[in-house]
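Structure file data-v2.cif; described as mmCIF, C-alpha atoms.
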```
data_upload
loop_
_atom_site.label_atom_id
_atom_site.label_comp_id
_atom_site.auth_asym_id
_atom_site.auth_seq_id
_atom_site.Cartn_x
_atom_site.Cartn_y
_atom_site.Cartn_z
CA MET A 1 48.30 -5.33 12.32
CA SER A 2 45.75 -7.31 10.29
CA LEU A 3 45.56 -11.08 10.71
CA LEU A 4 44.87 -11.31 6.98
CA ASP A 5 47.51 -11.12 4.28
CA THR A 6 46.65 -7.69 2.89
CA ARG A 7 48.97 -8.22 -0.07
CA VAL A 8 46.37 -10.61 -1.52
CA PRO A 9 43.22 -8.88 -2.82
CA ALA A 10 39.75 -10.42 -2.91
CA VAL A 11 37.40 -10.62 -5.89
CA LEU A 12 33.74 -10.91 -4.90
CA LEU A 13 31.55 -12.36 -7.65
CA ARG A 14 27.76 -12.31 -8.06
CA THR A 15 25.47 -12.51 -11.11
CA ASP A 16 22.20 -12.18 -9.18
CA PRO A 17 21.11 -8.55 -9.87
CA ASN A 18 19.19 -8.12 -6.58
CA PRO A 19 20.24 -4.66 -5.26
CA PHE A 20 19.13 -5.61 -1.72
CA HIS A 21 21.59 -8.50 -1.34
CA HIS A 22 23.00 -7.51 2.04
CA GLY A 23 25.38 -10.47 2.13
CA THR A 24 27.44 -8.77 -0.56
CA LEU A 25 27.85 -5.70 1.62
CA GLY A 26 28.77 -7.93 4.58
CA ALA A 27 31.59 -9.53 2.59
CA VAL A 28 32.84 -6.16 1.33
CA ARG A 29 32.98 -4.77 4.86
CA SER A 30 34.44 -7.88 6.47
CA LEU A 31 37.45 -8.00 4.15
CA GLY A 32 37.77 -4.24 3.65
CA ARG A 33 37.91 -3.55 7.38
CA ALA A 34 40.77 -6.06 7.63
CA GLY A 35 42.74 -4.06 5.08
CA VAL A 36 42.14 -6.34 2.07
CA GLU A 37 41.70 -4.68 -1.33
CA VAL A 38 38.15 -5.61 -2.39
CA HIS A 39 37.11 -5.88 -6.04
CA LEU A 40 33.38 -6.36 -6.58
CA VAL A 41 32.16 -8.04 -9.77
CA ALA A 42 28.41 -7.47 -9.49
CA ASP A 43 25.57 -5.41 -10.91
CA SER A 44 26.06 -1.92 -9.51
CA THR A 45 23.00 -0.30 -11.08
CA GLY A 46 21.33 1.47 -8.17
CA SER A 47 22.97 -0.89 -5.67
CA PRO A 48 23.69 0.61 -2.24
CA VAL A 49 26.83 -1.56 -2.00
CA ARG A 50 28.70 0.64 -4.44
CA ARG A 51 28.51 3.44 -1.85
CA SER A 52 30.67 1.46 0.59
CA ARG A 53 34.03 2.98 1.44
CA TYR A 54 35.48 -0.52 1.43
CA VAL A 55 34.90 -1.22 -2.27
CA HIS A 56 38.22 -0.65 -4.02
CA ARG A 57 36.78 -1.07 -7.50
CA MET A 58 33.57 -2.20 -9.22
CA HIS A 59 33.79 -4.45 -12.29
CA ALA A 60 31.06 -5.25 -14.80
CA PRO A 61 29.66 -8.72 -14.05
CA PRO A 62 28.50 -11.51 -16.35
CA PRO A 63 24.74 -11.33 -17.04
CA PRO A 64 22.32 -13.48 -15.02
CA GLY A 65 22.24 -16.98 -16.47
CA ALA A 66 25.68 -16.60 -18.05
CA SER A 67 27.46 -19.77 -19.13
CA ALA A 68 30.59 -20.97 -17.37
CA GLU A 69 32.60 -19.86 -20.40
CA ARG A 70 31.18 -16.34 -20.16
CA ILE A 71 31.94 -16.19 -16.44
CA LEU A 72 35.48 -17.40 -17.13
CA ALA A 73 35.99 -14.66 -19.72
CA VAL A 74 34.87 -11.99 -17.24
CA LEU A 75 37.08 -13.35 -14.47
CA ARG A 76 40.09 -13.41 -16.78
CA ARG A 77 39.44 -9.77 -17.68
CA VAL A 78 39.16 -8.85 -13.99
CA ALA A 79 42.34 -10.79 -13.18
CA GLY A 80 44.20 -8.73 -15.76
CA GLU A 81 42.90 -5.53 -14.16
CA VAL A 82 43.72 -6.65 -10.61
CA GLY A 83 47.22 -7.65 -11.67
CA ARG A 84 48.04 -10.29 -9.03
CA PRO A 85 46.52 -13.50 -7.61
CA ALA A 86 43.34 -12.93 -5.60
CA VAL A 87 41.00 -14.89 -3.35
CA LEU A 88 37.75 -15.52 -5.22
CA VAL A 89 34.54 -15.28 -3.17
CA PRO A 90 31.40 -16.42 -5.07
CA LEU A 91 28.29 -14.93 -3.47
CA ASP A 92 25.48 -16.82 -5.20
CA ASP A 93 24.90 -20.42 -6.22
CA ALA A 94 25.46 -19.83 -9.94
CA THR A 95 28.92 -18.36 -9.42
CA ALA A 96 29.86 -20.96 -6.79
CA ILE A 97 28.98 -23.71 -9.25
CA ALA A 98 30.91 -22.03 -12.05
CA ALA A 99 33.96 -21.55 -9.81
CA GLY A 100 33.87 -25.26 -8.96
CA ARG A 101 33.78 -26.25 -12.63
CA LEU A 102 36.50 -23.76 -13.60
CA GLN A 103 39.05 -24.44 -10.85
CA GLY A 104 41.77 -25.51 -13.26
CA ASP A 105 41.14 -22.63 -15.67
CA LEU A 106 41.10 -20.01 -12.91
CA ALA A 107 44.46 -20.98 -11.40
CA PRO A 108 46.84 -19.33 -10.74
CA SER A 109 44.97 -16.02 -11.04
CA TYR A 110 42.53 -17.01 -8.29
CA LEU A 111 42.83 -18.89 -5.02
CA LEU A 112 40.03 -21.41 -4.40
CA PRO A 113 39.29 -24.20 -1.88
CA GLY A 114 40.13 -27.70 -3.09
CA ALA A 115 36.60 -29.16 -3.16
CA PRO A 116 35.72 -31.70 -5.87
CA ALA A 117 34.81 -29.72 -8.99
CA ALA A 118 31.23 -31.04 -9.29
CA LEU A 119 30.39 -30.87 -5.58
CA PRO A 120 28.99 -27.29 -5.40
CA GLU A 121 26.54 -28.11 -8.18
CA ARG A 122 25.56 -31.40 -6.57
CA VAL A 123 24.68 -29.90 -3.19
CA ALA A 124 22.96 -26.81 -4.65
CA ASP A 125 20.68 -28.96 -6.81
CA LYS A 126 17.51 -29.44 -4.74
CA ALA A 127 16.75 -32.84 -6.29
CA GLU A 128 20.29 -34.14 -5.73
CA LEU A 129 20.26 -32.97 -2.12
CA ALA A 130 17.81 -35.69 -1.08
CA ALA A 131 20.28 -38.37 -2.24
CA VAL A 132 23.17 -36.52 -0.59
CA CYS A 133 21.33 -36.52 2.74
CA ALA A 134 20.42 -40.18 2.44
CA SER A 135 24.04 -41.16 1.85
CA ALA A 136 25.20 -39.10 4.85
CA ASP A 137 22.34 -40.19 7.13
CA VAL A 138 21.08 -36.63 7.52
CA PRO A 139 17.27 -36.21 7.80
CA HIS A 140 15.62 -34.61 4.76
CA PRO A 141 11.91 -34.07 4.01
CA ARG A 142 10.36 -36.74 1.80
CA THR A 143 10.85 -35.58 -1.78
CA LEU A 144 9.38 -36.73 -5.10
CA VAL A 145 10.37 -35.68 -8.64
CA PRO A 146 7.34 -36.20 -10.93
CA ASP A 147 7.96 -36.85 -14.63
CA SER A 148 4.69 -35.43 -15.98
CA PRO A 149 1.96 -32.93 -15.00
CA ARG A 150 -0.41 -35.79 -14.25
CA ARG A 151 2.18 -37.49 -12.07
CA ALA A 152 2.73 -34.18 -10.26
CA ALA A 153 -0.93 -34.10 -9.31
CA ASP A 154 -0.80 -37.72 -8.12
CA ASP A 155 2.39 -37.09 -6.11
CA ALA A 156 0.82 -34.06 -4.49
CA ARG A 157 -2.04 -36.21 -3.20
CA ARG A 158 0.42 -38.88 -2.11
CA LEU A 159 2.57 -36.44 -0.09
CA GLY A 160 -0.40 -34.61 1.39
CA LEU A 161 -1.36 -30.95 1.09
CA PRO A 162 -0.06 -28.40 1.55
CA LEU A 163 3.39 -29.27 0.23
CA VAL A 164 6.48 -27.44 -0.96
CA ALA A 165 7.31 -27.13 -4.66
CA LYS A 166 10.90 -26.33 -5.64
CA TRP A 167 12.72 -25.99 -8.92
CA SER A 168 15.74 -28.24 -8.80
CA ARG A 169 18.17 -25.60 -10.10
CA PRO A 170 16.70 -22.24 -9.17
CA TRP A 171 19.67 -20.31 -10.56
CA LEU A 172 18.41 -21.27 -14.05
CA LEU A 173 15.03 -19.55 -13.64
CA PRO A 174 14.77 -16.83 -16.29
CA ALA A 175 14.31 -13.28 -15.03
CA GLY A 176 10.76 -11.98 -15.24
CA CYS A 177 9.16 -15.41 -15.74
CA GLY A 178 7.06 -15.09 -12.58
CA LEU A 179 8.23 -18.45 -11.22
CA ARG A 180 9.49 -18.61 -7.65
CA SER A 181 12.31 -20.93 -6.63
CA THR A 182 10.21 -22.28 -3.74
CA GLN A 183 6.51 -21.99 -3.02
CA LEU A 184 3.75 -23.60 -1.01
CA VAL A 185 1.28 -25.67 -3.06
CA HIS A 186 -2.29 -26.10 -1.80
CA SER A 187 -3.89 -28.26 -4.50
CA ALA A 188 -3.11 -31.08 -6.94
CA ARG A 189 -4.17 -28.77 -9.77
CA GLN A 190 -1.58 -26.20 -8.73
CA ALA A 191 1.13 -28.88 -8.77
CA ARG A 192 0.04 -30.01 -12.24
CA GLU A 193 0.10 -26.44 -13.59
CA LEU A 194 3.57 -25.81 -12.17
CA HIS A 195 4.96 -28.97 -13.75
CA ALA A 196 3.60 -27.85 -17.13
CA ARG A 197 6.11 -24.96 -16.97
CA THR A 198 9.15 -27.21 -16.52
CA ALA A 199 10.68 -26.34 -19.89
CA GLU A 200 10.37 -22.65 -19.09
CA ALA A 201 11.97 -23.11 -15.64
CA GLY A 202 15.00 -24.90 -17.06
CA SER A 203 15.17 -27.66 -14.42
CA PRO A 204 12.91 -30.37 -12.95
CA LEU A 205 10.15 -29.62 -10.47
CA LEU A 206 10.30 -31.45 -7.17
CA LEU A 207 7.57 -31.82 -4.57
CA GLN A 208 8.50 -32.01 -0.93
CA GLU A 209 6.77 -32.89 2.30
CA TYR A 210 5.81 -29.73 4.19
CA LEU A 211 7.22 -29.29 7.67
CA PRO A 212 5.20 -26.49 9.28
CA PRO A 213 7.19 -23.60 10.77
CA GLY A 214 6.89 -22.75 14.43
CA GLU A 215 8.70 -21.36 17.40
CA ASP A 216 12.26 -22.70 17.70
CA ARG A 217 11.96 -24.74 14.47
CA ASP A 218 13.95 -22.78 11.87
CA TRP A 219 17.73 -23.04 12.17
CA PHE A 220 20.78 -22.44 10.02
CA PHE A 221 24.45 -23.27 10.17
CA HIS A 222 27.28 -21.28 8.60
CA GLY A 223 30.82 -22.57 8.49
CA TYR A 224 34.09 -22.84 6.65
CA ALA A 225 35.56 -26.28 5.93
CA ASP A 226 39.32 -25.74 5.86
CA ARG A 227 41.95 -27.64 3.87
CA THR A 228 41.80 -30.51 6.42
CA GLY A 229 38.00 -30.66 6.30
CA ALA A 230 37.54 -29.25 9.81
CA LEU A 231 34.64 -26.85 10.24
CA ARG A 232 35.95 -23.48 11.37
CA ALA A 233 34.31 -20.12 12.08
CA GLY A 234 30.54 -19.82 11.90
CA GLY A 235 28.12 -21.79 14.03
CA PRO A 236 24.43 -22.60 14.51
CA GLY A 237 21.81 -19.86 14.54
CA ARG A 238 18.08 -19.64 15.11
CA LYS A 239 15.84 -17.79 12.70
CA GLN A 240 13.63 -15.55 14.82
CA LEU A 241 11.91 -13.71 11.98
CA SER A 242 11.82 -14.43 8.26
CA TRP A 243 10.75 -12.44 5.22
CA PRO A 244 8.27 -13.45 3.93
CA ARG A 245 7.09 -14.76 7.29
CA GLY A 246 7.49 -18.49 7.80
CA ALA A 247 9.28 -19.25 4.55
CA GLY A 248 11.75 -16.56 3.53
CA LEU A 249 15.20 -15.22 4.25
CA THR A 250 16.43 -14.46 7.76
CA ALA A 251 15.29 -10.99 8.80
CA VAL A 252 16.28 -11.51 12.45
CA GLY A 253 18.66 -14.27 13.56
CA ARG A 254 20.43 -15.12 16.79
CA TRP A 255 23.64 -17.07 17.42
CA THR A 256 22.34 -19.96 19.52
CA PRO A 257 24.39 -23.01 20.58
CA ASN A 258 22.91 -26.24 19.23
CA PRO A 259 25.13 -29.34 19.40
CA GLU A 260 22.71 -31.40 17.30
CA VAL A 261 22.72 -28.97 14.38
CA ARG A 262 26.51 -28.69 14.53
CA ALA A 263 26.88 -32.49 14.56
CA LEU A 264 24.68 -32.79 11.45
CA ALA A 265 26.78 -30.15 9.65
CA GLU A 266 30.01 -31.93 10.56
CA ARG A 267 28.64 -35.31 9.49
CA LEU A 268 27.52 -33.94 6.13
CA THR A 269 30.73 -32.10 5.24
CA ALA A 270 32.87 -35.07 6.30
CA ALA A 271 30.84 -37.49 4.19
CA LEU A 272 31.10 -35.23 1.13
CA GLY A 273 34.73 -34.16 1.51
CA TYR A 274 33.48 -30.59 1.23
CA ARG A 275 35.91 -27.65 1.34
CA GLY A 276 35.03 -23.97 1.50
CA VAL A 277 32.21 -21.79 2.81
CA LEU A 278 28.78 -23.30 3.36
CA ASP A 279 25.32 -22.19 4.49
CA LEU A 280 22.84 -24.85 5.63
CA ASP A 281 19.13 -24.42 6.41
CA PHE A 282 17.38 -26.77 8.83
CA ARG A 283 13.80 -27.15 10.06
CA ARG A 284 12.93 -29.13 13.16
CA CYS A 285 9.92 -31.41 12.79
CA GLY A 286 7.31 -30.54 15.40
CA THR A 287 6.27 -34.19 15.68
CA THR A 288 9.56 -36.08 15.82
CA GLY A 289 11.89 -33.29 16.96
CA ARG A 290 14.41 -34.22 14.25
CA TYR A 291 16.27 -31.53 12.31
CA HIS A 292 15.77 -31.87 8.55
CA LEU A 293 18.17 -30.28 6.08
CA LEU A 294 16.24 -28.07 3.64
CA ASP A 295 19.02 -26.35 1.68
CA PHE A 296 22.77 -26.54 1.17
CA ASN A 297 24.24 -23.33 -0.24
CA PRO A 298 27.92 -23.69 -1.30
CA ARG A 299 28.78 -20.06 -0.54
CA PRO A 300 28.36 -17.47 2.24
CA GLY A 301 24.82 -17.00 3.48
CA ALA A 302 23.46 -13.45 3.52
CA GLN A 303 23.57 -13.29 7.35
CA PHE A 304 27.08 -14.76 7.73
CA ARG A 305 28.23 -11.71 9.70
CA LEU A 306 26.09 -12.91 12.61
CA PHE A 307 28.92 -15.36 13.34
CA ALA A 308 31.77 -12.92 13.95
CA ASP A 309 33.47 -14.43 17.00
CA SER A 310 35.53 -12.85 19.79
CA ALA A 311 38.61 -12.86 17.53
CA GLY A 312 36.73 -11.13 14.71
CA LEU A 313 36.70 -14.29 12.60
CA ASP A 314 33.81 -14.99 10.21
CA VAL A 315 33.54 -17.46 7.31
CA VAL A 316 34.74 -15.00 4.66
CA ARG A 317 37.81 -14.03 6.65
CA ALA A 318 38.41 -17.73 7.36
CA LEU A 319 38.39 -18.39 3.61
CA HIS A 320 40.96 -15.66 2.95
CA LEU A 321 43.20 -16.75 5.82
CA ASP A 322 43.16 -20.41 4.86
CA LEU A 323 43.79 -19.84 1.15
CA THR A 324 46.70 -17.51 1.85
CA GLY A 325 48.33 -19.99 4.25
CA ARG A 326 47.69 -18.03 7.42
CA PRO A 327 46.53 -19.57 10.71
CA LEU A 328 42.93 -19.06 11.80
CA PRO A 329 42.68 -17.44 15.25
CA GLU A 330 40.87 -19.35 17.97
CA GLY A 331 38.02 -17.10 19.06
CA ASP A 332 35.08 -17.81 21.34
CA PRO A 333 31.47 -17.98 20.09
CA VAL A 334 29.41 -14.90 20.92
CA ALA A 335 26.22 -16.71 21.91
CA GLY A 336 23.22 -14.39 21.95
CA ARG A 337 24.59 -12.07 19.28
CA SER A 338 21.89 -11.10 16.78
CA PHE A 339 21.69 -10.00 13.16
CA VAL A 340 18.93 -7.75 11.82
CA VAL A 341 18.05 -6.78 8.25
CA GLU A 342 16.58 -3.33 8.78
CA ASN A 343 14.38 -3.08 5.67
CA TYR A 344 12.66 -6.37 6.54
CA ALA A 345 12.56 -5.91 10.34
CA PRO A 346 12.73 -2.17 11.12
CA PHE A 347 11.28 -2.43 14.62
CA ALA A 348 13.75 -5.17 15.61
CA ALA A 349 16.56 -2.82 14.56
CA LEU A 350 15.35 -0.27 17.13
CA ARG A 351 15.20 -2.65 20.10
CA THR A 352 18.04 -3.08 22.56
CA ALA A 353 20.30 -6.08 22.02
CA PRO A 354 21.96 -7.22 25.27
CA GLY A 355 23.92 -9.96 23.47
CA GLY A 356 25.28 -7.63 20.81
CA ARG A 357 23.96 -7.04 17.32
CA GLU A 358 25.01 -6.32 13.77
CA LEU A 359 22.77 -4.55 11.29
CA ALA A 360 22.83 -5.62 7.67
CA TRP A 361 22.98 -2.10 6.22
CA TYR A 362 23.84 0.54 8.80
CA ALA A 363 27.39 0.87 10.10
CA GLY A 364 28.94 3.85 11.85
CA ASP A 365 32.13 3.52 9.83
CA ASP A 366 30.35 3.03 6.49
CA ARG A 367 27.14 5.07 6.41
CA GLY A 368 26.69 5.47 2.67
CA PRO A 369 25.11 2.06 1.87
CA GLY A 370 22.54 2.41 4.66
CA TRP A 371 21.26 5.76 3.47
CA ALA A 372 21.23 4.59 -0.15
CA MET A 373 19.32 1.43 0.83
CA TRP A 374 16.49 3.37 2.49
CA ALA A 375 16.06 5.64 -0.52
CA LEU A 376 15.99 2.66 -2.86
CA TRP A 377 13.72 0.67 -0.55
CA ALA A 378 11.16 3.49 -0.38
CA ARG A 379 10.96 3.55 -4.18
CA HIS A 380 10.74 -0.24 -4.30
CA VAL A 381 7.90 -0.47 -1.76
CA SER A 382 5.90 2.38 -3.25
CA GLY A 383 6.26 0.90 -6.72
CA ARG A 384 5.11 -2.53 -5.55
CA LEU A 385 2.17 -0.98 -3.71
CA ARG A 386 1.03 0.95 -6.77
CA GLN A 387 1.39 -2.20 -8.85
CA ARG A 388 -0.75 -4.27 -6.48
CA LEU A 389 -3.45 -1.66 -6.11
CA GLY A 390 -3.43 -0.66 -9.75
CA VAL A 391 -3.24 2.96 -8.63
CA ARG A 392 -3.09 5.63 -11.34
CA VAL A 393 -3.04 9.32 -10.68
CA PRO A 394 -6.04 10.77 -12.57
CA VAL A 395 -5.28 13.29 -15.29
CA PRO A 396 -7.71 16.25 -15.33
CA ALA A 397 -9.99 16.38 -18.39
CA PRO A 398 -9.18 19.25 -20.77
CA ARG A 399 -11.30 22.36 -20.26
CA PRO A 400 -12.90 23.98 -23.31
CA ALA A 401 -11.11 27.20 -24.26
CA PRO A 402 -13.16 30.43 -24.07
CA ARG A 403 -14.54 31.28 -27.49
CA ALA A 404 -14.39 35.06 -27.35
CA ALA A 405 -11.50 35.85 -25.04
CA ALA A 406 -7.79 35.32 -24.96
CA PRO A 407 -6.38 33.22 -22.14
CA SER A 408 -6.00 35.23 -18.94
CA PRO A 409 -3.03 35.07 -16.54
CA ALA A 410 -5.30 33.28 -14.05
CA SER A 411 -6.18 30.61 -16.61
CA PRO A 412 -3.01 29.91 -18.62
CA ALA A 413 -3.31 27.70 -21.65
CA SER A 414 -0.78 25.28 -20.07
CA SER A 415 -3.13 24.50 -17.15
CA ASN A 416 -4.86 21.86 -19.29
CA SER A 417 -1.63 19.84 -19.62
CA PRO A 418 -0.64 17.20 -17.07
CA SER A 419 2.40 17.94 -14.94
CA ASP A 420 5.61 15.94 -15.17
CA ASP A 421 4.55 14.03 -12.04
CA GLU A 422 1.22 13.13 -13.60
CA LYS A 423 2.96 11.93 -16.76
CA ALA A 424 5.20 9.70 -14.69
CA SER A 425 2.23 8.26 -12.81
CA SER A 426 0.03 7.63 -15.81
#
```
Once more with this new file: its structure as structure tokens, please.
Amino acid sequence: MSLLDTRVPAVLLRTDPNPFHHGTLGAVRSLGRAGVEVHLVADSTGSPVRRSRYVHRMHAPPPPGASAERILAVLRRVAGEVGRPAVLVPLDDATAIAAGRLQGDLAPSYLLPGAPAALPERVADKAELAAVCASADVPHPRTLVPDSPRRAADDARRLGLPLVAKWSRPWLLPAGCGLRSTQLVHSARQARELHARTAEAGSPLLLQEYLPPGEDRDWFFHGYADRTGALRAGGPGRKQLSWPRGAGLTAVGRWTPNPEVRALAERLTAALGYRGVLDLDFRRCGTTGRYHLLDFNPRPGAQFRLFADSAGLDVVRALHLDLTGRPLPEGDPVAGRSFVVENYAPFAALRTAPGGRELAWYAGDDRGPGWAMWALWARHVSGRLRQRLGVRVPVPAPRPAPRAAAPSPASPASSNSPSDDEKASS
């Protein structure tokens, strides 16, 4: 018998069109395996997630950058199709912020944690986070928000190079603009040129002191703050490999006890009165040894399934249990358990894992998404490689036709035309 109330479905919501978002698949499997009817409101074009046996139904999502009103309209349509109250699980910052704003409008069709309506937006905003950390006495890298391109260059020199540049509200970045939410800046000129694109980015640029990566320095904490504010499920983890290396998402992570990281997470959520799922990123300073909070994501992190404890509890299941009035089981941490994203760390996926391991894509009871991911990933990598190298398959030059003879079977007239593959490559 499932611990979860299987009479209450779940609606998973994401506007980010990334087909390789493995956290979405993790949420689908976590709830689906517990017997919950899972409705996925996300871009399904080419996505491996749609191949999961645990998806009850796909629904057309709002477009990236949709307004809160547009998201509300979509969720009302989905609620009508689901036909009964459901637990809402936002899977990216934009939808978590919208859900916070729309709490009153979404009830009673959706069950949501009782966090202050503006809090998800406040903690997700990179510029606001510095003030949040200061008020909670949580270390945060020194951060400046320049008000002009010239000031950006001056601030870059003041902070010291290299430094980290972030857009305050990365969910507002327009698709295809070429701007990255976070990047390393190596010169004052680069900082000035980035600031000049502020209007295009849709939010302020902030410059942040750079804490170099290193062994045992990158940590994260996933948890669920229940209706009383207590942190349940989840735990601290160490990032063993990132993609891109040194600054990207967790490709290999390990559940590693760390009382200091847990204490910082508890202090922060208590100070804010936060409720719901959270994903925190920390980096330990190599000089002082202090853990600095880099990001606060008010939704499940992509690797949340790392923290499935001995009772099978993770943060998404904790959310469903708490919102449906069911008790959360008391499981034990599975220290040493690892999580591997196969397309970013294929060799790590082949190694033995004495402490236990979960793969992001492959699962013996749900093989379809894994196979679909590899096919899609091969096309993605080959396309990126051709783009970087500027490779074009040469088309043979037309041969002059014989003047006094008809085409022979050995030299058909069609041999001068490029093949379908050549057309696609050129």
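Around the point (-1.1, -33.6, -15.9), within 12 Å and counting only C-alpha atoms, we find these residues: Pro146, Asp147, Ser148, Pro149, Arg150, Arg151, Ala152, Ala153, Asp154, Asp155, Ala156, Ala188, Arg189, Gln190, Ala191, Arg192, Glu193, Leu194, His195, Ala196 and Arg197 of chain A.
Applying the 12 Å criterion to (6.6, -29.7, 13.6) in file coordinates and using all atoms listed in the file, one obtains the residues A:Pro141, A:Glu209, A:Tyr210, A:Leu211, A:Pro212, A:Pro213, A:Gly214, A:Glu215, A:Asp216, A:Arg217, A:Asp218, A:Arg283, A:Arg284, A:Cys285, A:Gly286, A:Thr287, A:Thr288, A:Gly289, A:Arg290, A:Tyr291, A:His292.
For the pair atom CA of Phe339 of chain A and atom CA of Glu266 of chain A, the interatomic distance is 23.6 Å.
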Ala270 of chain A surroundings by only C-alpha atoms, 10 Å radius, close-in-sequence under 2 positions cut, as number ranges by chain: A: 136, 225, 229-231, 264-268, 272-275
Find the nearest atom pair between each residue of segment 72-171 of chain A and segment 301-304 of chain A for residues within 12 Å, count only C-alpha atoms, give distances in Å to one decimal, sort rows by chain and ascending number, and present the table as CSV.
```
residue,atom,partner,partner_atom,distance
A:Val89,CA,A:Gly301,CA,11.9
A:Pro90,CA,A:Gly301,CA,10.8
A:Leu91,CA,A:Gly301,CA,8.0
A:Asp92,CA,A:Gly301,CA,8.7
A:Asp93,CA,A:Gly301,CA,10.3
```
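Each of A:Ala42, A:Val185, A:Val49, A:Leu4 was checked against Trp371 of chain A using all atoms listed in the file; the smallest atom-to-atom distance is that of A:Val49.
Picture a line from atom CA of Ala360 of chain A to atom CA of Arg53 of chain A; it runs 15.4 Å.
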Atom pair atom CA of Ala115 of chain A / atom CA of Asn297 of chain A: separation (Å): 14.0 Å
Residues returned when the PyMOL selection byres ((chain A and resi 361) around 12) runs on this file, as a ChimeraX atom specification: /A:20-29,47-49,51-52,302-303,305,339-346,349,358-360,362-374,377
Residue IDs satisfying the PyMOL selection byres ((chain A and resi 234-247) around 7), as a PyMOL selection string: chain A and resi 213+218-223+232-233+248-258+261-262+307+314-315+344
Store the residues picked out above in a file with C-alpha atoms, as a PDB file, keeping the file's coordinate frame.
```pdb
ATOM      1  CA  PRO A 213       7.190 -23.600  10.770  1.00  0.00           C
ATOM      2  CA  ASP A 218      13.950 -22.780  11.870  1.00  0.00           C
ATOM      3  CA  TRP A 219      17.730 -23.040  12.170  1.00  0.00           C
ATOM      4  CA  PHE A 220      20.780 -22.440  10.020  1.00  0.00           C
ATOM      5  CA  PHE A 221      24.450 -23.270  10.170  1.00  0.00           C
ATOM      6  CA  HIS A 222      27.280 -21.280   8.600  1.00  0.00           C
ATOM      7  CA  GLY A 223      30.820 -22.570   8.490  1.00  0.00           C
ATOM      8  CA  ARG A 232      35.950 -23.480  11.370  1.00  0.00           C
ATOM      9  CA  ALA A 233      34.310 -20.120  12.080  1.00  0.00           C
ATOM     10  CA  GLY A 248      11.750 -16.560   3.530  1.00  0.00           C
ATOM     11  CA  LEU A 249      15.200 -15.220   4.250  1.00  0.00           C
ATOM     12  CA  THR A 250      16.430 -14.460   7.760  1.00  0.00           C
ATOM     13  CA  ALA A 251      15.290 -10.990   8.800  1.00  0.00           C
ATOM     14  CA  VAL A 252      16.280 -11.510  12.450  1.00  0.00           C
ATOM     15  CA  GLY A 253      18.660 -14.270  13.560  1.00  0.00           C
ATOM     16  CA  ARG A 254      20.430 -15.120  16.790  1.00  0.00           C
ATOM     17  CA  TRP A 255      23.640 -17.070  17.420  1.00  0.00           C
ATOM     18  CA  THR A 256      22.340 -19.960  19.520  1.00  0.00           C
ATOM     19  CA  PRO A 257      24.390 -23.010  20.580  1.00  0.00           C
ATOM     20  CA  ASN A 258      22.910 -26.240  19.230  1.00  0.00           C
ATOM     21  CA  VAL A 261      22.720 -28.970  14.380  1.00  0.00           C
ATOM     22  CA  ARG A 262      26.510 -28.690  14.530  1.00  0.00           C
ATOM     23  CA  PHE A 307      28.920 -15.360  13.340  1.00  0.00           C
ATOM     24  CA  ASP A 314      33.810 -14.990  10.210  1.00  0.00           C
ATOM     25  CA  VAL A 315      33.540 -17.460   7.310  1.00  0.00           C
ATOM     26  CA  TYR A 344      12.660  -6.370   6.540  1.00  0.00           C
TER      27      TYR A 344
END
```
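Residue nearest Lys166 of chain A, chosen from A:Ala98, A:Ala378, A:Ala127, A:Leu319 and counting only C-alpha atoms: A:Ala127.
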Nearest residue to Asp137 of chain A from the set A:Met58, A:Arg351, A:Ala263, A:Ser67 (distances using only C-alpha atoms): A:Ala263
Selection result for the PyMOL selection byres ((chain A and resi 102-109) around 8) on this file, as number ranges by chain: A: 68, 72, 75-76, 79, 84-86, 98-101, 110-112, 117
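Closest to Ser168 of chain A among A:Cys133, A:Ala73, A:Ala60, A:Leu144 is A:Leu144, based on all atoms listed in the file.
If you measure from each of A:Gly276, A:Pro300, A:Pro162, A:Gly32 to Leu184 of chain A using only C-alpha atoms, the closest one turns out to be A:Pro162.
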